[in-house]
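Colleague: File follows, entry.txt with compact mmCIF, C-alpha atoms:
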```
# COMPACT_ATOMS: atom_id res chain seq x y z
CA MET Q 1 58.80 -56.38 118.02
CA GLN Q 2 61.73 -58.04 119.72
CA ILE Q 3 59.71 -60.78 121.40
CA GLU Q 4 61.81 -63.67 120.21
CA VAL Q 5 65.11 -61.86 120.74
CA LEU Q 6 64.78 -61.37 124.47
CA SER Q 7 62.89 -64.53 125.22
CA HIS Q 8 65.70 -66.52 123.57
CA THR Q 9 68.79 -64.46 124.21
CA LEU Q 10 68.32 -63.34 127.79
CA ARG Q 11 68.86 -66.86 129.07
CA GLN Q 12 72.15 -67.43 130.85
CA LEU Q 13 73.10 -70.12 128.35
CA ARG Q 14 71.82 -70.73 124.88
CA ILE Q 15 72.60 -73.23 122.18
CA PHE Q 16 73.76 -71.91 118.83
CA ALA Q 17 75.00 -73.95 115.91
CA GLY Q 18 75.59 -77.00 118.06
CA ARG Q 19 77.64 -75.25 120.76
CA THR Q 20 76.89 -73.39 123.95
CA VAL Q 21 77.23 -69.62 123.87
CA SER Q 22 77.46 -68.00 127.27
CA THR Q 23 75.89 -64.62 127.87
CA ASN Q 24 77.25 -64.29 131.40
CA LYS Q 25 79.34 -61.25 130.45
CA THR Q 26 76.83 -58.80 131.89
CA HIS Q 27 78.39 -55.58 133.12
CA SER Q 28 75.42 -54.51 135.18
CA GLY Q 29 75.02 -57.55 137.43
CA LEU Q 30 71.61 -58.61 136.11
CA ASP Q 31 70.12 -61.60 137.88
CA ARG Q 32 67.38 -64.05 136.91
CA TYR Q 33 64.63 -61.68 138.07
CA ASP Q 34 65.97 -58.86 135.89
CA VAL Q 35 66.16 -61.26 132.96
CA ALA Q 36 62.58 -62.41 133.61
CA ILE Q 37 61.35 -58.81 133.75
CA LEU Q 38 63.16 -57.94 130.51
CA SER Q 39 61.78 -61.05 128.79
CA ALA Q 40 58.23 -60.21 129.87
CA LEU Q 41 58.60 -56.59 128.74
CA ALA Q 42 59.93 -57.78 125.39
CA THR Q 43 56.63 -59.56 124.89
CA ASN Q 44 54.51 -56.64 126.06
CA THR Q 45 55.98 -53.26 127.04
CA ARG Q 46 52.63 -52.19 128.52
CA LEU Q 47 52.59 -54.72 131.36
CA THR Q 48 51.84 -53.16 134.72
CA THR Q 49 54.12 -53.73 137.70
CA VAL Q 50 51.35 -55.85 139.25
CA GLU Q 51 51.24 -58.08 136.15
CA LEU Q 52 55.04 -58.27 136.06
CA ALA Q 53 55.18 -59.10 139.76
CA THR Q 54 52.84 -62.04 139.23
CA MET Q 55 54.84 -63.26 136.23
CA VAL Q 56 58.28 -63.10 137.90
CA HIS Q 57 57.19 -64.01 141.44
CA LEU Q 58 58.26 -60.78 143.16
CA SER Q 59 56.36 -58.05 144.93
CA ARG Q 60 55.11 -55.07 142.95
CA THR Q 61 57.50 -52.85 144.91
CA ALA Q 62 60.49 -55.07 144.11
CA VAL Q 63 59.58 -55.08 140.41
CA SER Q 64 59.20 -51.29 140.44
CA ARG Q 65 62.63 -50.89 142.06
CA ARG Q 66 64.22 -53.25 139.53
CA ILE Q 67 62.67 -51.40 136.57
CA SER Q 68 63.94 -48.10 137.98
CA ALA Q 69 67.42 -49.62 138.36
CA LEU Q 70 67.34 -50.96 134.78
CA LYS Q 71 66.45 -47.46 133.56
CA ARG Q 72 69.26 -45.90 135.63
CA LEU Q 73 71.67 -48.41 134.08
CA ARG Q 74 70.29 -47.43 130.66
CA VAL Q 75 69.32 -51.02 129.92
CA LEU Q 76 65.69 -49.86 129.52
CA ASN Q 77 64.25 -46.57 128.37
CA ASP Q 78 61.02 -45.00 129.61
CA ALA Q 79 59.04 -46.93 127.01
CA ALA Q 80 60.42 -50.21 128.46
CA GLU Q 81 62.50 -50.90 125.36
CA VAL Q 82 65.98 -52.37 125.70
CA LEU Q 83 68.63 -49.72 125.03
CA ASN Q 84 71.88 -51.41 125.94
CA TYR Q 85 72.41 -54.94 124.67
CA GLU Q 86 76.07 -54.84 125.71
CA SER Q 87 75.06 -54.78 129.37
CA LEU Q 88 73.09 -57.96 128.68
CA GLY Q 89 76.18 -59.74 127.37
CA PHE Q 90 75.94 -59.00 123.65
CA GLY Q 91 79.26 -57.36 122.85
CA VAL Q 92 78.84 -57.16 119.07
CA ARG Q 93 76.28 -55.31 117.02
CA ALA Q 94 76.29 -55.47 113.24
CA VAL Q 95 74.37 -54.59 110.13
CA VAL Q 96 74.16 -57.56 107.78
CA GLU Q 97 72.87 -57.06 104.27
CA ILE Q 98 71.61 -59.99 102.23
CA ASN Q 99 71.04 -59.67 98.51
CA ALA Q 100 68.55 -62.47 97.93
CA PRO Q 101 66.52 -63.30 94.85
CA SER Q 102 63.35 -61.14 94.91
CA GLN Q 103 61.00 -64.11 94.98
CA ALA Q 104 62.78 -65.60 98.03
CA ALA Q 105 63.18 -62.36 100.01
CA GLU Q 106 59.78 -62.50 101.75
CA ALA Q 107 60.19 -66.09 102.94
CA LEU Q 108 63.74 -65.30 104.06
CA ARG Q 109 62.54 -62.20 105.92
CA GLU Q 110 59.97 -64.25 107.85
CA ARG Q 111 62.60 -66.87 108.72
CA LEU Q 112 65.06 -64.22 109.91
CA LEU Q 113 62.54 -62.44 112.15
CA VAL Q 114 62.48 -65.44 114.51
CA GLN Q 115 66.26 -65.70 114.79
CA PRO Q 116 67.39 -64.61 118.29
CA GLU Q 117 70.28 -62.57 116.89
CA VAL Q 118 68.07 -60.48 114.59
CA LEU Q 119 66.56 -57.31 116.07
CA THR Q 120 65.04 -55.95 112.85
CA VAL Q 121 64.82 -56.77 109.16
CA ALA Q 122 64.41 -53.90 106.70
CA VAL Q 123 63.37 -54.59 103.13
CA ILE Q 124 65.31 -52.21 100.88
CA ALA Q 125 63.79 -51.16 97.55
CA GLY Q 126 65.54 -52.54 94.55
CA GLY Q 127 64.91 -56.24 94.39
CA GLY Q 128 65.59 -58.56 97.28
CA LEU Q 129 67.94 -56.55 99.48
CA LEU Q 130 67.42 -57.15 103.20
CA SER Q 131 69.22 -55.22 105.93
CA LEU Q 132 69.43 -56.88 109.35
CA ASP Q 133 70.21 -55.25 112.70
CA VAL Q 134 72.01 -58.06 114.53
CA ILE Q 135 73.37 -58.66 118.04
CA ALA Q 136 75.89 -61.33 119.00
CA VAL Q 137 77.77 -62.35 122.11
CA ASP Q 138 81.14 -62.03 120.39
CA MET Q 139 82.76 -62.13 116.96
CA GLU Q 140 82.76 -65.94 116.92
CA HIS Q 141 79.02 -65.95 117.57
CA LEU Q 142 78.48 -63.37 114.78
CA HIS Q 143 80.59 -65.47 112.42
CA SER Q 144 78.52 -68.57 113.23
CA PHE Q 145 75.31 -66.64 112.62
CA ILE Q 146 76.54 -65.31 109.29
CA ASN Q 147 77.50 -68.86 108.28
CA THR Q 148 73.84 -69.88 108.80
CA LEU Q 149 72.94 -67.32 106.13
CA GLN Q 150 75.08 -69.03 103.48
CA GLY Q 151 72.90 -70.06 100.58
CA SER Q 152 70.35 -67.30 101.30
CA GLY Q 153 72.15 -64.82 99.07
CA GLU Q 154 75.25 -62.67 98.95
CA THR Q 155 75.98 -61.15 102.37
CA SER Q 156 77.80 -58.03 103.48
CA THR Q 157 78.55 -57.32 107.16
CA LYS Q 158 79.33 -54.03 108.86
CA ILE Q 159 80.27 -53.95 112.55
CA VAL Q 160 78.64 -51.15 114.58
CA PHE Q 161 81.19 -49.45 116.83
CA ALA Q 162 78.82 -46.83 118.28
CA ALA Q 163 75.13 -45.99 117.95
CA ASP Q 164 73.23 -43.14 119.53
CA LYS Q 165 69.53 -42.36 119.37
CA SER Q 166 68.31 -38.86 118.67
CA GLN Q 167 67.27 -36.97 121.78
CA LEU Q 168 64.57 -35.01 119.94
CA THR Q 169 61.02 -35.40 121.20
CA LEU Q 170 58.29 -36.07 118.66
CA VAL Q 171 57.00 -32.50 119.01
CA GLU Q 172 60.49 -31.03 118.46
CA ARG Q 173 61.00 -33.29 115.45
CA MET Q 174 57.67 -32.29 113.93
CA ARG Q 175 58.33 -28.56 114.45
CA MET Q 176 61.74 -28.85 112.79
CA LEU Q 177 60.31 -30.82 109.87
CA ASN Q 178 57.56 -28.24 109.43
CA GLU Q 179 60.22 -25.50 109.23
CA HIS Q 180 62.21 -27.47 106.65
CA VAL Q 181 59.31 -28.77 104.61
CA GLY Q 182 57.34 -25.54 104.97
CA ASN Q 183 54.20 -26.78 103.26
CA GLY Q 184 52.09 -27.39 106.36
CA LEU Q 185 51.96 -31.16 105.90
CA VAL Q 186 53.68 -31.68 109.25
CA ARG Q 187 51.83 -30.03 112.11
CA ALA Q 188 53.25 -29.53 115.57
```
Taking this structure as input, can you express it in the form of structure tokens?
Modeller:
Amino acid sequence: MQIEVLSHTLRQLRIFAGRTVSTNKTHSGLDRYDVAILSALATNTRLTTVELATMVHLSRTAVSRRISALKRLRVLNDAAEVLNYESLGFGVRAVVEINAPSQAAEALRERLLVQPEVLTVAVIAGGGLLSLDVIAVDMEHLHSFINTLQGSGETSTKIVFAADKSQLTLVERMRMLNEHVGNGLVRA
């Protein structure tokens, strides 16, 4: 999951490519306790409020209120997954594709999965194409990250201006697929 992303990137300052990148641009007024809660949830979304309270040194009630506030701000969803990276100070989201030699793609994928900017790495069929979902503080940060990829293969970057998740529940999705597929493979 996104363990390394939040544990590295939710710090107020982080070092990247020999320079300090500030993530103080939060729009929601997150403090160190919010950051600690988000970091813990990034490691394990199933933590109870009692476990979180022990980890972040707050009462269970205070943790519960903070989680509710993070959900109201749409920073977290009900599954305790981060929804809004912009509110955490990451103003740029991008899709970066790397066309690497097939034999090097697996090692590159493993190396990329521990980079704090990388949310996901998809392996695309067709010989060594990797598609990365990336967050960055700003365009300069994204540029620095992309420069670290030089030598890994040919890169292509697309900036994400807007992204919305489907509002369909799993049951709704399965019913609709069953209607379209019509062969009974998908049961609702």
Colleague: Give me, as a Markdown table, each residue of region 52-106 of chain Q that comes within 9 Å of region 124-147 of chain Q, together with its shortest interatomic pair and the distance in Å at one decimal, counting only C-alpha atoms, with rows ordered by chain and rising residue number.
Modeller:
```
| residue | atom | partner | partner_atom | distance |
| --- | --- | --- | --- | --- |
| Q:Tyr85 | CA | Q:Ile135 | CA | 7.7 |
| Q:Glu86 | CA | Q:Val137 | CA | 8.5 |
| Q:Gly89 | CA | Q:Val137 | CA | 6.1 |
| Q:Phe90 | CA | Q:Val137 | CA | 4.1 |
| Q:Gly91 | CA | Q:Val137 | CA | 5.3 |
| Q:Val92 | CA | Q:Ala136 | CA | 5.1 |
| Q:Arg93 | CA | Q:Ile135 | CA | 4.6 |
| Q:Ala94 | CA | Q:Val134 | CA | 5.2 |
| Q:Val95 | CA | Q:Asp133 | CA | 4.9 |
| Q:Val96 | CA | Q:Leu132 | CA | 5.0 |
| Q:Glu97 | CA | Q:Ser131 | CA | 4.4 |
| Q:Ile98 | CA | Q:Leu130 | CA | 5.2 |
| Q:Asn99 | CA | Q:Leu129 | CA | 4.5 |
| Q:Ala100 | CA | Q:Gly128 | CA | 4.9 |
| Q:Pro101 | CA | Q:Gly128 | CA | 5.4 |
| Q:Ser102 | CA | Q:Gly128 | CA | 4.2 |
| Q:Gln103 | CA | Q:Gly128 | CA | 7.6 |
| Q:Ala104 | CA | Q:Gly128 | CA | 7.6 |
| Q:Ala105 | CA | Q:Gly128 | CA | 5.3 |
| Q:Glu106 | CA | Q:Gly128 | CA | 8.3 |
```
Colleague: Kindly give the distance, in Å, that separates CA of Ile37 (chain Q) and CA of Thr120 (chain Q), rounded to a single decimal.
Modeller: 21.4 Å
Colleague: What is the distance, in Å and to one decimal place, between CA of Val63 (chain Q) and CA of Asp34 (chain Q)?
Modeller: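 That distance, rounded to one decimal, is 8.7 Å.
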Colleague: Can you tell me, as a ChimeraX atom specification, what residues are no more than 12 Å from Glu51 (chain Q) when counting only C-alpha atoms, ignoring any on the same chain fewer than 2 positions away?
Modeller: /Q:37,40-41,44-49,53-61,63-64
Colleague: Interatomic distance between CA of Ile67 (chain Q) and CA of Lys165 (chain Q)?
Modeller: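 CA of Lys165 (chain Q) lies at a distance of 20.6 Å from CA of Ile67 (chain Q).
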Colleague: Which one of Q:Val50, Q:Ala69, Q:Ala162, Q:Leu88 sits closest to Val35 (chain Q) if you count all atoms listed in the file?
Modeller: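 Looking only at the distances to Val35 (chain Q), the closest residue turns out to be Q:Leu88.
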